[in-house]
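Structure first, commentary second.
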Amino acid sequence: MKEGKLWDIFCRVIDNYGDIGVGWRLASGLAARGERVRLWLDDASALQWMAPAGASGVEVRVWSGALALDGVTAGDVLLEAFGCEIDPIFVAAFARKAAASGRSGLWINLEYLSAEAFVERSHGLRSPVAGGPGAGLAKYFYYPGFTAATGGLLREPELAARQARFERADWLRQMGIDFQGERLVSLFCYEPPALAQLLTGLADAPLPTRLLVTHGRASAAVKACIEGANARQPGWNQREHLLISSLPALTQDDFDHLLWSCDLNFVRGEDSLLRALWAGKPLVWQIYPQTDGAHHRKLDAFLDWLEAPPSLRAVHEVWNGGAEAVLPALEPAPWQRAISAARQRLLEQDDLVSRLLHFVQKNH
Ligand code: TRH
């Protein structure tokens, strides 16, 4: 059997879990197709709960401060996730290897996900490196995206089979969740100003809802809102129509199980949005906020691509907006149609790892 290429993937954890989450999925996805991967991370701690079993074919290396090569020779493909600056010592090693082999060396910059129009224009562009230890090499820009003319989306080939085997009741029992047929809603968010409205709205709804709250920022935000509501309006959840289960940090597989179990998923950032699309249930996305406000254009582009019905757009506007706006009612039925259709469009396309392997074959 032909041996796969050796990849060096560099990733810096800026904040939250998206950088490492995407880096890990990419590394393990490549390894599952027979490639060999060194995943260089400045902080690998989240992998202890996200992917405790590791993956065969992926070697995790911690990269903090000045990198010591310790006899490591650069691999065949160098990939930097999200424009993280690769240690110059490694770039120099990669350049030496390329020079020795008489080839230009394949250096890829994996960009953040967006549905904006520029993605199709910019995907695959080659940019010569003018200075520094990589001078003379070229970097290719690889843009994930929602259409055939982009780099595609991360999706494992075995995902559909896993989903078909999944038993929601068993998983909820395993997680210690006392499910009595109520509506299930997952919550993975930052600190949306409309969170208090969501909680009181669910408490006032005619039927009970169990909110499955992910650990970390979402859980802290819910706690703060509940304390506020208790102080302002004691008895606001008297009928106990809002039931709350706080979750531990889940593995990436269990995070999928959470999304597959729920009737509605609140997700955030980048990777969990995709996982919610693959789950195929109605979703509400809190986009990662950027200081220059660029995230509003990115959110609109996604909602356009999704062909989101007006009620879903209205909820997104408030969920990603300021504190004053009133959160509209949740109407998952028309949202379900849009999500199912969008998911189907995506399933007809190749996934990101398949496209990336093709890209490497073409350009190496
Ligand atoms: O954590 P995030 O907000 O990450 C963000 C975005 O990626 C954003 O674009 C980036 O700029 C910023 O980080 C730095 O959301 P995201 O992208 O959904 O990543 C979460 C990852 O964590 C995803 O891989 C799922 C995983 N996860 C688990 O594995 N278990 C859990 O219990 C939870 C809550 C998440």
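Labeling convention for the structure tokens: chains A, B, ... as they appear, residues from 1 per chain, ligands from 1 in order of appearance.
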Rows by chain and residue number, chain A within 7 Å of ligand 1, shortest pair, only C-alpha atoms and all ligand atoms, as a Markdown table:
| residue | atom | partner | partner_atom_place_in_ligand_line | distance |
| --- | --- | --- | --- | --- |
| A:Val13 | CA | ligand 1 | 14 (C) | 7.0 |
| A:Ile14 | CA | ligand 1 | 14 (C) | 5.1 |
| A:Asp15 | CA | ligand 1 | 14 (C) | 4.7 |
| A:Asn16 | CA | ligand 1 | 1 (O) | 4.0 |
| A:Tyr17 | CA | ligand 1 | 1 (O) | 3.6 |
| A:Gly18 | CA | ligand 1 | 4 (O) | 3.1 |
| A:Asp19 | CA | ligand 1 | 7 (O) | 5.4 |
| A:Gly21 | CA | ligand 1 | 24 (O) | 3.6 |
| A:Val22 | CA | ligand 1 | 24 (O) | 5.9 |
| A:Met50 | CA | ligand 1 | 29 (O) | 4.4 |
| A:Tyr112 | CA | ligand 1 | 9 (O) | 6.5 |
| A:Phe188 | CA | ligand 1 | 34 (C) | 6.0 |
| A:Thr214 | CA | ligand 1 | 34 (C) | 4.9 |
| A:His215 | CA | ligand 1 | 34 (C) | 5.9 |
| A:Pro248 | CA | ligand 1 | 32 (O) | 6.5 |
| A:Ala249 | CA | ligand 1 | 32 (O) | 3.9 |
| A:Leu250 | CA | ligand 1 | 32 (O) | 3.6 |
| A:Thr251 | CA | ligand 1 | 29 (O) | 4.6 |
| A:Gln252 | CA | ligand 1 | 29 (O) | 3.5 |
| A:Phe255 | CA | ligand 1 | 30 (N) | 5.0 |
| A:Val267 | CA | ligand 1 | 18 (O) | 6.6 |
| A:Arg268 | CA | ligand 1 | 18 (O) | 5.1 |
| A:Gly269 | CA | ligand 1 | 6 (C) | 3.6 |
| A:Glu270 | CA | ligand 1 | 17 (O) | 3.6 |
| A:Asp271 | CA | ligand 1 | 17 (O) | 3.9 |
| A:Ser272 | CA | ligand 1 | 18 (O) | 3.5 |
| A:Leu273 | CA | ligand 1 | 18 (O) | 6.0 |
| A:Tyr288 | CA | ligand 1 | 8 (C) | 5.3 |
Residues as selected, N, CA, C and O atoms, written as a short mmCIF file (atom, residue, chain, number, x, y, z; two decimals), in the first residue's frame, can you do that?
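Below is the file that was written, result32.cif:
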data_model
loop_
_atom_site.label_atom_id
_atom_site.label_comp_id
_atom_site.auth_asym_id
_atom_site.auth_seq_id
_atom_site.Cartn_x
_atom_site.Cartn_y
_atom_site.Cartn_z
N VAL A 13 -3.98 28.04 20.02
CA VAL A 13 -5.26 28.20 20.70
C VAL A 13 -5.38 29.68 21.08
O VAL A 13 -4.69 30.16 21.97
N ILE A 14 -6.24 30.41 20.35
CA ILE A 14 -6.39 31.85 20.62
C ILE A 14 -7.28 32.02 21.86
O ILE A 14 -6.89 32.60 22.86
N ASP A 15 -8.48 31.53 21.78
CA ASP A 15 -9.37 31.45 22.94
C ASP A 15 -10.43 30.41 22.62
O ASP A 15 -10.48 29.91 21.49
N ASN A 16 -11.24 30.06 23.53
CA ASN A 16 -12.31 29.08 23.30
C ASN A 16 -11.73 27.75 22.76
O ASN A 16 -10.56 27.48 22.94
N TYR A 17 -12.59 26.98 22.06
CA TYR A 17 -12.14 25.62 21.67
C TYR A 17 -12.13 25.40 20.17
O TYR A 17 -11.90 24.29 19.72
N GLY A 18 -12.46 26.43 19.39
CA GLY A 18 -12.63 26.23 17.95
C GLY A 18 -11.34 25.90 17.23
O GLY A 18 -11.31 25.02 16.37
N ASP A 19 -10.24 26.60 17.59
CA ASP A 19 -8.99 26.37 16.86
C ASP A 19 -8.52 24.93 17.05
O ASP A 19 -8.22 24.23 16.10
N GLY A 21 -10.34 22.48 18.18
CA GLY A 21 -11.40 21.55 17.73
C GLY A 21 -11.29 21.27 16.24
O GLY A 21 -11.33 20.13 15.80
N VAL A 22 -11.09 22.33 15.45
CA VAL A 22 -10.96 22.17 14.00
C VAL A 22 -9.62 21.48 13.68
O VAL A 22 -9.55 20.56 12.86
N MET A 50 -11.63 16.54 24.92
CA MET A 50 -12.24 16.55 23.59
C MET A 50 -11.98 15.24 22.84
O MET A 50 -12.84 14.73 22.14
N TYR A 112 -10.46 30.66 8.23
CA TYR A 112 -11.72 30.46 8.96
C TYR A 112 -12.85 30.24 7.96
O TYR A 112 -12.78 30.67 6.81
N PHE A 188 -24.90 25.99 23.65
CA PHE A 188 -23.45 26.24 23.59
C PHE A 188 -23.32 27.66 23.05
O PHE A 188 -23.64 27.94 21.89
N THR A 214 -23.94 23.35 28.08
CA THR A 214 -22.55 22.89 27.99
C THR A 214 -21.69 23.58 29.05
O THR A 214 -22.03 24.66 29.54
N HIS A 215 -20.57 22.97 29.33
CA HIS A 215 -19.71 23.49 30.40
C HIS A 215 -19.02 24.78 29.96
O HIS A 215 -19.02 25.12 28.79
N PRO A 248 -21.02 18.00 31.73
CA PRO A 248 -19.55 18.10 31.87
C PRO A 248 -18.95 18.40 30.50
O PRO A 248 -19.66 18.41 29.49
N ALA A 249 -17.64 18.62 30.46
CA ALA A 249 -16.96 18.76 29.15
C ALA A 249 -17.09 17.43 28.43
O ALA A 249 -16.77 16.38 28.99
N LEU A 250 -17.59 17.46 27.22
CA LEU A 250 -17.86 16.23 26.46
C LEU A 250 -16.74 15.96 25.46
O LEU A 250 -16.10 16.90 25.00
N THR A 251 -16.58 14.71 25.10
CA THR A 251 -15.68 14.41 23.97
C THR A 251 -16.36 14.96 22.71
O THR A 251 -17.58 15.19 22.70
N GLN A 252 -15.59 15.11 21.63
CA GLN A 252 -16.22 15.60 20.39
C GLN A 252 -17.31 14.64 19.93
O GLN A 252 -18.35 15.08 19.43
N PHE A 255 -20.28 15.33 22.04
CA PHE A 255 -20.87 16.62 21.67
C PHE A 255 -21.82 16.41 20.48
O PHE A 255 -22.93 16.96 20.45
N VAL A 267 -25.74 26.88 18.98
CA VAL A 267 -24.32 26.62 18.83
C VAL A 267 -23.58 27.94 18.59
O VAL A 267 -24.21 28.99 18.43
N ARG A 268 -22.26 27.87 18.55
CA ARG A 268 -21.48 29.11 18.45
C ARG A 268 -20.22 28.87 17.62
O ARG A 268 -19.90 27.73 17.25
N GLY A 269 -19.47 29.92 17.33
CA GLY A 269 -18.13 29.78 16.76
C GLY A 269 -18.13 29.24 15.34
O GLY A 269 -18.76 29.82 14.46
N GLU A 270 -17.47 28.12 15.14
CA GLU A 270 -17.32 27.60 13.78
C GLU A 270 -17.62 26.09 13.73
O GLU A 270 -18.52 25.65 13.03
N ASP A 271 -16.87 25.33 14.51
CA ASP A 271 -16.99 23.87 14.37
C ASP A 271 -18.36 23.37 14.84
O ASP A 271 -18.95 22.49 14.21
N SER A 272 -18.88 23.93 15.92
CA SER A 272 -20.17 23.43 16.43
C SER A 272 -21.31 23.78 15.48
O SER A 272 -22.33 23.08 15.42
N LEU A 273 -21.14 24.85 14.69
CA LEU A 273 -22.15 25.19 13.68
C LEU A 273 -22.25 24.05 12.66
O LEU A 273 -23.34 23.61 12.29
N TYR A 288 -18.92 34.08 16.35
CA TYR A 288 -17.81 34.63 17.15
C TYR A 288 -17.70 36.12 16.85
O TYR A 288 -17.48 36.51 15.71
#
Test item: residues at most 12 Å from Trp319 in chain A, only C-alpha atoms, excluding those fewer than 3 positions along its chain, as a PyMOL selection string: chain A and resi 189-198+266-268+283-289+296+299+312-316+322-330
Residue nearest Ile177 in chain A among A:Gly75, A:Gly201, A:Leu357, A:Ile244 (counting only C-alpha atoms):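 Closest to Ile177 in chain A of all the choices is A:Ile244.
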Identify, on the basis of only C-alpha atoms, every residue whose closest approach to Gly34 in chain A does not exceed 7 Å; exclude the query and any residue fewer than 3 positions from it along the same chain; express the result as a PyMOL selection string. chain A and resi 4+30-31
Within 7 Å of Gly134 in chain A, counting only C-alpha atoms, which residues show up once you throw out same-chain ones fewer than 6 positions away? Write them as an mmCIF file with N, CA, C and O atoms, in the first residue's frame, please.
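Done, and the output landed in around_11.cif:
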data_model
loop_
_atom_site.group_PDB
_atom_site.id
_atom_site.type_symbol
_atom_site.label_atom_id
_atom_site.label_comp_id
_atom_site.auth_asym_id
_atom_site.auth_seq_id
_atom_site.Cartn_x
_atom_site.Cartn_y
_atom_site.Cartn_z
ATOM 1 N N VAL A 91 9.934 26.763 9.659
ATOM 2 C CA VAL A 91 9.826 27.222 8.264
ATOM 3 C C VAL A 91 11.172 27.024 7.569
ATOM 4 O O VAL A 91 11.245 26.542 6.429
ATOM 5 N N ALA A 92 12.253 27.355 8.289
ATOM 6 C CA ALA A 92 13.600 27.185 7.700
ATOM 7 C C ALA A 92 13.846 25.712 7.388
ATOM 8 O O ALA A 92 14.379 25.376 6.318
ATOM 9 N N ALA A 95 11.919 24.840 4.313
ATOM 10 C CA ALA A 95 12.543 25.422 3.116
ATOM 11 C C ALA A 95 13.773 24.597 2.709
ATOM 12 O O ALA A 95 14.004 24.349 1.524
#
What's around range 69-71 of chain A at 9 Å? Count only C-alpha atoms, leave out sequence neighbours fewer than 5 positions away in its own chain, and write the answer as a PyMOL selection string. chain A and resi 89-90+93
Mind listing the strand (DSSP E) residues of range 105-197 of chain A, per DSSP on the backbone, as a PyMOL selection string? chain A and resi 106-110+126-128+138-142+183-187
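Remark: for Phe146 in chain A, the closest of the candidate residues A:His241, A:Arg162, A:His123, A:His295 is A:His123 (distances computed over only C-alpha atoms).
Distance check against Asp263 in chain A using only C-alpha atoms: of A:Pro128, A:Gly181, A:Pro157, A:Gly293, the minimum falls on A:Gly181.
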If you count only C-alpha atoms, the residue of A:Ala160, A:Ala276, A:Ala301, A:Ala138 closest to Cys262 in chain A turns out to be A:Ala276
Option closest in space to Arg126 in chain A, from A:Asp253, A:Leu113, A:Ala308, A:Ile108 [counting only C-alpha atoms]: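 When distances to Arg126 in chain A are compared using only C-alpha atoms, the smallest one comes from A:Ile108.
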Please report the interatomic distance between CA of Gly124 in chain A and CA of Leu274 in chain A in Å with one decimal. 21.5 Å
Neighbours of Val77 in chain A within 8 Å (only C-alpha atoms; same-chain residues fewer than 6 positions away dropped), as a list in words?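 Result of the neighbour search: Lys5, Leu6, Trp7, Asp8, Gly105, Leu106, Trp107 and Ile108 of chain A.
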For N, CA, C and O atoms, I'd like the residues from the last selection saved as a PDB file, in the first residue's frame.
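This went into result00.pdb:
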ATOM      1  N   LYS A   5       1.345  10.955   2.823  1.00  0.00           N
ATOM      2  CA  LYS A   5       2.316  12.025   3.044  1.00  0.00           C
ATOM      3  C   LYS A   5       2.424  12.326   4.539  1.00  0.00           C
ATOM      4  O   LYS A   5       1.513  11.996   5.302  1.00  0.00           O
ATOM      5  N   LEU A   6       3.506  13.001   4.910  1.00  0.00           N
ATOM      6  CA  LEU A   6       3.649  13.451   6.294  1.00  0.00           C
ATOM      7  C   LEU A   6       3.265  14.934   6.360  1.00  0.00           C
ATOM      8  O   LEU A   6       3.843  15.761   5.641  1.00  0.00           O
ATOM      9  N   TRP A   7       2.284  15.236   7.193  1.00  0.00           N
ATOM     10  CA  TRP A   7       1.785  16.609   7.335  1.00  0.00           C
ATOM     11  C   TRP A   7       2.268  17.199   8.660  1.00  0.00           C
ATOM     12  O   TRP A   7       2.244  16.509   9.687  1.00  0.00           O
ATOM     13  N   ASP A   8       2.637  18.454   8.625  1.00  0.00           N
ATOM     14  CA  ASP A   8       2.860  19.212   9.861  1.00  0.00           C
ATOM     15  C   ASP A   8       1.776  20.276   9.935  1.00  0.00           C
ATOM     16  O   ASP A   8       1.752  21.201   9.104  1.00  0.00           O
ATOM     17  N   GLY A 105       7.734  22.787  -2.289  1.00  0.00           N
ATOM     18  CA  GLY A 105       7.205  22.534  -0.940  1.00  0.00           C
ATOM     19  C   GLY A 105       5.789  23.056  -0.836  1.00  0.00           C
ATOM     20  O   GLY A 105       5.490  24.155  -1.311  1.00  0.00           O
ATOM     21  N   LEU A 106       4.906  22.277  -0.264  1.00  0.00           N
ATOM     22  CA  LEU A 106       3.505  22.706  -0.228  1.00  0.00           C
ATOM     23  C   LEU A 106       3.151  23.263   1.149  1.00  0.00           C
ATOM     24  O   LEU A 106       3.129  22.538   2.146  1.00  0.00           O
ATOM     25  N   TRP A 107       2.893  24.559   1.162  1.00  0.00           N
ATOM     26  CA  TRP A 107       2.610  25.282   2.414  1.00  0.00           C
ATOM     27  C   TRP A 107       1.187  25.845   2.277  1.00  0.00           C
ATOM     28  O   TRP A 107       0.911  26.617   1.342  1.00  0.00           O
ATOM     29  N   ILE A 108       0.319  25.422   3.178  1.00  0.00           N
ATOM     30  CA  ILE A 108      -1.101  25.797   3.064  1.00  0.00           C
ATOM     31  C   ILE A 108      -1.530  26.594   4.286  1.00  0.00           C
ATOM     32  O   ILE A 108      -1.195  26.233   5.421  1.00  0.00           O
TER      33      ILE A 108
END
